[in-house]
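One file, protein28.txt, is given below (compact mmCIF, C-alpha atoms).
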```
# COMPACT_ATOMS: atom_id res chain seq x y z
CA MET A 54 23.82 -22.90 -44.12
CA THR A 55 21.81 -26.12 -43.90
CA GLU A 56 19.99 -27.04 -40.69
CA ASP A 57 20.00 -30.73 -41.60
CA LEU A 58 22.27 -32.67 -39.17
CA THR A 59 22.37 -35.91 -41.17
CA THR A 60 25.93 -35.46 -42.48
CA LEU A 61 27.27 -34.34 -39.09
CA LEU A 62 25.73 -37.34 -37.32
CA ALA A 63 27.00 -39.74 -39.99
CA ARG A 64 30.56 -38.47 -39.51
CA TRP A 65 30.32 -39.22 -35.79
CA PRO A 66 28.43 -42.51 -35.42
CA TYR A 67 26.70 -43.45 -32.19
CA ARG A 68 28.22 -46.41 -30.33
CA PRO A 69 25.64 -47.94 -27.95
CA ASP A 70 28.22 -49.82 -25.86
CA GLU A 71 30.46 -46.89 -24.97
CA PHE A 72 30.40 -43.29 -23.84
CA THR A 73 31.57 -41.01 -26.66
CA ALA A 74 32.49 -37.36 -26.16
CA ARG A 75 34.89 -34.77 -27.52
CA ALA A 76 36.19 -31.27 -26.90
CA THR A 77 35.94 -28.96 -29.89
CA THR A 78 35.71 -25.29 -30.86
CA ALA A 79 32.56 -23.35 -31.74
CA ASP A 80 32.32 -21.04 -34.75
CA ASP A 81 33.13 -18.02 -32.58
CA GLY A 82 36.25 -19.69 -31.14
CA ARG A 83 34.96 -20.63 -27.69
CA SER A 84 35.63 -24.11 -26.30
CA ILE A 85 32.70 -26.51 -26.12
CA LEU A 86 32.08 -30.15 -25.26
CA GLN A 87 29.95 -32.57 -27.26
CA ILE A 88 28.45 -35.93 -26.27
CA ARG A 89 27.19 -38.37 -28.90
CA VAL A 90 23.87 -39.87 -27.82
CA GLU A 91 21.47 -42.18 -29.61
CA LEU A 92 19.24 -39.42 -30.97
CA GLY A 93 21.88 -36.83 -31.75
CA ILE A 94 24.56 -34.71 -30.10
CA LEU A 95 24.49 -32.87 -26.77
CA GLN A 96 26.56 -29.69 -26.70
CA LEU A 97 27.84 -28.24 -23.42
CA GLU A 98 29.55 -24.97 -22.63
CA VAL A 99 32.91 -25.27 -20.88
CA ASP A 100 32.40 -22.14 -18.76
CA GLY A 101 29.37 -21.10 -16.74
CA ARG A 102 26.29 -23.27 -16.90
CA PRO A 103 26.59 -26.16 -19.36
CA ASP A 104 23.50 -24.94 -21.25
CA GLY A 105 24.90 -21.41 -21.54
CA GLN A 106 21.87 -19.86 -19.82
CA ARG A 107 21.90 -17.17 -17.13
CA PRO A 108 18.89 -17.90 -14.89
CA GLY A 109 17.55 -14.68 -13.42
CA GLY A 110 20.59 -12.86 -14.82
CA ASN A 111 22.94 -14.94 -12.65
CA THR A 112 25.73 -17.21 -13.85
CA THR A 113 24.02 -20.19 -12.19
CA VAL A 114 20.90 -20.96 -10.14
CA LEU A 115 23.15 -21.38 -7.11
CA ALA A 116 24.58 -17.87 -7.54
CA GLY A 117 21.15 -16.32 -7.10
CA ILE A 118 19.78 -18.67 -4.46
CA ALA A 119 18.01 -17.67 -1.28
CA THR A 120 16.73 -19.80 1.59
CA PRO A 121 14.25 -21.15 2.42
CA LEU A 122 13.96 -22.78 -0.98
CA THR A 123 10.70 -22.64 -2.84
CA LEU A 124 9.57 -25.76 -4.68
CA GLY A 125 10.38 -24.13 -8.03
CA THR A 126 13.86 -23.06 -6.90
CA ALA A 127 14.58 -26.50 -5.46
CA ARG A 128 13.65 -28.14 -8.76
CA ALA A 129 15.78 -25.65 -10.68
CA LEU A 130 18.68 -26.44 -8.36
CA ARG A 131 18.18 -30.18 -8.89
CA ASP A 132 18.19 -29.68 -12.68
CA GLU A 133 21.39 -27.63 -12.43
CA ILE A 134 23.07 -30.49 -10.55
CA THR A 135 22.16 -32.81 -13.43
CA GLN A 136 23.63 -30.41 -16.00
CA PHE A 137 26.89 -30.08 -14.10
CA GLU A 138 27.02 -33.85 -13.65
CA TYR A 139 26.83 -34.34 -17.43
CA ARG A 140 29.75 -31.96 -17.87
CA ALA A 141 31.80 -33.39 -15.00
CA GLN A 142 31.45 -36.93 -16.38
CA THR A 143 32.45 -35.69 -19.83
CA LEU A 144 35.50 -33.88 -18.44
CA LEU A 145 36.54 -37.02 -16.55
CA PHE A 146 36.23 -39.04 -19.76
CA LEU A 147 38.45 -36.50 -21.55
CA GLY A 148 41.03 -36.51 -18.75
CA GLU A 149 40.28 -32.95 -17.60
CA HIS A 150 40.28 -33.90 -13.93
CA ALA A 151 40.78 -30.45 -12.42
CA ALA A 152 37.88 -29.00 -14.40
CA ALA A 153 35.73 -31.98 -13.42
CA ALA A 154 36.62 -31.38 -9.75
CA ARG A 155 35.51 -27.75 -10.18
CA ASP A 156 32.12 -28.94 -11.43
CA GLY A 157 32.03 -31.48 -8.61
CA ASP A 158 32.46 -28.66 -6.12
CA HIS A 159 29.51 -26.83 -7.65
CA MET A 160 27.39 -29.98 -7.61
CA LEU A 161 28.23 -30.57 -3.96
CA LYS A 162 27.29 -27.03 -2.91
CA CYS A 163 23.98 -27.34 -4.77
CA SER A 164 23.17 -30.81 -3.47
CA ARG A 165 24.02 -29.98 0.15
CA LEU A 166 21.74 -26.95 -0.03
CA LEU A 167 19.00 -29.06 -1.61
CA HIS A 168 19.42 -31.83 0.96
CA MET A 169 19.23 -29.41 3.89
CA HIS A 170 16.60 -26.91 2.71
CA ALA A 171 14.38 -28.55 0.10
CA PRO A 172 10.62 -28.26 0.68
CA ASP A 173 8.92 -31.31 2.12
CA GLU A 174 7.24 -31.99 -1.23
CA LEU A 175 10.52 -33.23 -2.70
CA GLY A 176 11.47 -35.54 0.15
CA PRO A 177 14.77 -37.34 0.92
CA ALA A 178 14.30 -39.88 -1.90
CA THR A 179 14.65 -36.99 -4.35
CA CYS A 180 17.37 -35.03 -2.56
CA LEU A 181 19.75 -37.75 -1.31
CA PRO A 182 20.77 -39.37 -4.66
CA PRO A 183 22.12 -36.09 -6.14
CA LEU A 184 24.15 -35.56 -2.96
CA LEU A 185 25.65 -39.06 -3.16
CA ARG A 186 26.59 -38.61 -6.82
CA SER A 187 28.07 -35.18 -6.10
CA ILE A 188 30.27 -36.52 -3.29
CA MET A 189 31.48 -39.34 -5.52
CA ILE A 190 32.26 -37.14 -8.54
CA ARG A 191 34.10 -34.49 -6.52
CA ALA A 192 36.16 -37.14 -4.67
CA ARG A 193 36.89 -39.12 -7.84
CA ALA A 194 37.89 -36.06 -9.87
CA SER A 195 40.10 -34.69 -7.08
CA ALA A 196 41.77 -38.09 -6.63
CA GLU A 197 42.40 -38.54 -10.36
CA ALA A 198 43.82 -35.02 -10.61
CA ALA A 199 46.21 -35.85 -7.74
CA MET A 200 47.20 -39.21 -9.23
CA ALA A 201 47.95 -37.54 -12.56
CA THR A 202 50.75 -35.64 -10.78
CA SER A 203 51.82 -38.70 -8.74
CA ARG A 204 50.43 -37.22 -5.51
CA THR A 205 48.95 -40.43 -4.17
CA ASP A 206 48.85 -38.87 -0.70
CA LEU A 207 46.43 -36.18 -1.87
CA ALA A 208 44.44 -38.75 -3.83
CA LYS A 209 44.02 -40.85 -0.70
CA LEU A 210 42.90 -37.80 1.29
CA ALA A 211 40.24 -36.99 -1.33
CA LEU A 212 38.90 -40.56 -1.35
CA ASP A 213 38.96 -40.81 2.44
CA ALA A 214 37.02 -37.55 2.72
CA GLY A 215 34.39 -38.78 0.28
CA LEU A 216 33.96 -42.11 2.07
CA SER A 217 33.81 -40.36 5.44
CA GLU A 218 30.96 -38.16 4.20
CA PHE A 219 29.12 -41.22 2.89
CA LYS A 220 29.42 -42.82 6.34
CA SER A 221 27.93 -39.73 7.97
CA LEU A 222 24.93 -39.83 5.62
CA LEU A 223 24.13 -43.53 5.29
CA PRO A 224 23.34 -46.32 7.74
CA GLN A 225 25.83 -49.18 7.53
CA ASP A 226 23.67 -51.48 5.38
CA GLN A 227 23.08 -48.73 2.79
CA PHE A 228 26.75 -47.76 2.91
CA ASP A 229 27.76 -51.36 2.12
CA GLN A 230 25.40 -51.49 -0.88
CA CYS A 231 26.01 -47.99 -2.29
CA ASN A 232 27.46 -47.98 -5.84
CA GLU A 233 29.16 -44.62 -5.28
CA VAL A 234 30.90 -46.04 -2.22
CA HIS A 235 32.06 -49.07 -4.19
CA LEU A 236 33.59 -46.85 -6.88
CA LEU A 237 35.63 -44.85 -4.36
CA GLN A 238 36.72 -48.02 -2.56
CA SER A 239 37.89 -49.46 -5.89
CA MET A 240 39.94 -46.32 -6.47
CA GLN A 241 41.45 -46.74 -3.00
CA ASP A 242 42.57 -50.24 -4.01
CA LEU A 243 44.54 -48.72 -6.90
CA LEU A 244 46.62 -46.75 -4.41
CA ILE A 245 47.86 -49.84 -2.58
CA PRO A 246 51.64 -50.05 -3.17
CA ARG A 247 52.67 -52.56 -5.79
CA LEU A 248 54.15 -55.85 -4.65
CA PRO A 249 57.92 -56.29 -4.90
CA SER A 250 59.21 -57.93 -8.08
CA SER A 251 60.06 -61.10 -6.12
CA GLN A 252 56.39 -61.57 -5.22
CA ARG A 253 55.32 -60.97 -8.81
CA ALA A 254 57.85 -63.56 -9.97
CA GLU A 255 56.49 -66.02 -7.42
CA LEU A 256 52.98 -65.51 -8.75
CA ARG A 257 54.17 -66.12 -12.33
CA ASP A 258 55.78 -69.40 -11.19
CA ARG A 259 52.53 -70.48 -9.54
CA ILE A 260 50.64 -69.70 -12.76
CA ARG A 261 53.03 -71.86 -14.79
CA GLU A 262 52.67 -74.71 -12.25
CA ALA A 263 48.87 -74.47 -12.35
CA ILE A 264 48.87 -74.63 -16.17
CA ALA A 265 51.23 -77.58 -16.15
CA ALA A 266 48.87 -79.36 -13.75
CA GLU A 267 45.93 -78.39 -16.02
CA ASN A 268 44.36 -76.47 -13.12
CA TYR A 269 43.13 -73.71 -15.39
CA GLU A 270 40.69 -72.25 -12.87
CA LEU A 271 43.51 -71.58 -10.39
CA ALA A 272 45.68 -70.22 -13.20
CA ALA A 273 42.95 -67.75 -14.16
CA ILE A 274 42.57 -66.58 -10.56
CA LEU A 275 46.32 -66.09 -10.18
CA ARG A 276 46.50 -64.30 -13.52
CA ASP A 277 43.81 -61.86 -12.36
CA GLU A 278 45.83 -61.21 -9.21
CA LEU A 279 48.89 -60.48 -11.32
CA LYS A 280 46.94 -58.06 -13.52
CA LEU A 281 45.77 -56.17 -10.45
CA MET A 282 49.39 -55.43 -9.59
```

Rewrite the structure of this file - the entire thing - as structure tokens.
Amino acid sequence: MTEDLTTLLARWPYRPDEFTARATTADDGRSILQIRVELGILQLEVDGRPDGQRPGGNTTVLAGIATPLTLGTARALRDEITQFEYRAQTLLFLGEHAAAARDGDHMLKCSRLLHMHAPDELGPATCLPPLLRSIMIRARASAEAAMATSRTDLAKLALDAGLSEFKSLLPQDQFDQCNEVHLLQSMQDLLIPRLPSSQRAELRDRIREAIAAENYELAAILRDELKLM
């Protein structure tokens, strides 16, 4: 068996402008995830820790945690959040929303613990960003899982809960500028009921009138509104 990866990488070219991932099966039959990156392929386990390790004999760092956190344990917890984030994002890309929500739950437990009990050496600038990303991923995955079964009510509850937690953590100016907040708010917009067909027809008429009057800027704006429906 060759250890040269050249042929494998050539069969799955890297695309710099898009995220590329796949679910596949390992030689022993277990399910794995792979992400194509510029310098090769990242491989993640579907169950347990994404790297397949058992830190201290435990399934995860979180499973063997004790408070107060030492600096080493806090850093290990932070690294575990990053690993689970990689897998959650990959699962979302592949449409595995429930599994992504499971990883989001794990991320959130880790990041809350880190945010509350991390040693002073790490500081809030290190501990807050993982918490914000964890809230966003868990809310997004839960909402997408609900929308996949047409449960827009549950999707709205998940998004509302995420935004409510952001508001409890961030002052208003930071809340207004937070990218994770903007993503959840955009998902909320998708849940707004569609306009009646009569209103869509009215918009199409206004587009035709704008084109006839050579008001292409207005036509483009109206066309974007129609697409959003």

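Residues in contact range of A:Met160, defined as at most 10 Å between all atoms listed in the file, with sequence neighbours fewer than 2 positions away removed, read Leu115, Leu130, Arg131, Glu133, Ile134, Thr135, Gln136, Phe137, Glu138, Ala141, Ala154, Arg155, Asp156, Gly157, Asp158, Lys162, Cys163, Ser164, Arg165, Leu166, Pro183, Leu184, Arg186, Ser187, Ile188, Ile190 and Arg191 of chain A.
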
Can you work out the spacing between atom CA of A:Arg83 and atom CA of A:Thr112 in Å, to one decimal? 17.0 Å

At a cut-off of 7 Å, using all atoms listed in the file, what residues contact stretch 94-100 of chain A? Leave out same-chain residues fewer than 6 positions from it and give the result as a short mmCIF file (atom, residue, chain, number, x, y, z; two decimals) with C-alpha atoms, in the frame of the given file.
```
data_model
loop_
_atom_site.label_atom_id
_atom_site.label_comp_id
_atom_site.auth_asym_id
_atom_site.auth_seq_id
_atom_site.Cartn_x
_atom_site.Cartn_y
_atom_site.Cartn_z
CA SER A 84 35.63 -24.11 -26.30
CA ILE A 85 32.70 -26.51 -26.12
CA LEU A 86 32.08 -30.15 -25.26
CA GLN A 87 29.95 -32.57 -27.26
CA ILE A 88 28.45 -35.93 -26.27
CA ARG A 140 29.75 -31.96 -17.87
#
```

Kindly provide, as a ChimeraX atom specification, the polymer residues lying within 12 Å of (37.1, -37.1, -16.8), counting all atoms listed in the file and using the coordinates exactly as they appear in the file. /A:72-76,138-157,190-191,193-198,201

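One distance worth recording is that between atom CA of A:Leu271 and atom CA of A:Glu255, which is 14.4 Å.
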
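Nearest to A:Arg128 of all the residues A:Gly82, A:Glu91, A:Pro103, A:Cys180 is A:Cys180, based on only C-alpha atoms.
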
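Between atom CA of A:Asp81 and atom CA of A:Ala129 there is a distance of 29.0 Å.
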
Determine, counting all atoms listed in the file, which protein, DNA and RNA residues have an atom within 10 Å of an atom of stretch 214-227 of chain A; residues of the same chain fewer than 3 positions away are not included. Present the result as an MDAnalysis selection string. chainID A and resid 181 184:185 187:193 208:211 230:235 237:238

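Here the question is which of A:Ala63, A:Ala127, A:Ala273, A:Ala116 gets nearest to A:Gly176 using only C-alpha atoms, and that residue is A:Ala127.
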
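The nearest approach to A:Ala199 among the residues A:Gly93, A:Tyr67, A:Leu212, A:Asp80, with only C-alpha atoms taken into account, belongs to A:Leu212.
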
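Across A:Asn268, A:Leu175, A:Gly105, A:Arg89, the tightest approach to A:Thr126 is made by A:Leu175 when counting all atoms listed in the file.
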
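Proximity to A:Ile260 at 8 Å, evaluated using all atoms listed in the file and with sequence-adjacent residues fewer than 2 positions away removed, yields Leu256, Arg257, Asp258, Glu262, Ala263, Ile264, Leu271, Ala272, Leu275 and Arg276 of chain A.
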
Could the residues in this selection be saved with C-alpha atoms as a PDB file, in the frame of the given file?
```pdb
ATOM      1  CA  LEU A 256      52.980 -65.510  -8.750  1.00  0.00           C
ATOM      2  CA  ARG A 257      54.170 -66.120 -12.330  1.00  0.00           C
ATOM      3  CA  ASP A 258      55.780 -69.400 -11.190  1.00  0.00           C
ATOM      4  CA  GLU A 262      52.670 -74.710 -12.250  1.00  0.00           C
ATOM      5  CA  ALA A 263      48.870 -74.470 -12.350  1.00  0.00           C
ATOM      6  CA  ILE A 264      48.870 -74.630 -16.170  1.00  0.00           C
ATOM      7  CA  LEU A 271      43.510 -71.580 -10.390  1.00  0.00           C
ATOM      8  CA  ALA A 272      45.680 -70.220 -13.200  1.00  0.00           C
ATOM      9  CA  LEU A 275      46.320 -66.090 -10.180  1.00  0.00           C
ATOM     10  CA  ARG A 276      46.500 -64.300 -13.520  1.00  0.00           C
TER      11      ARG A 276
END
```
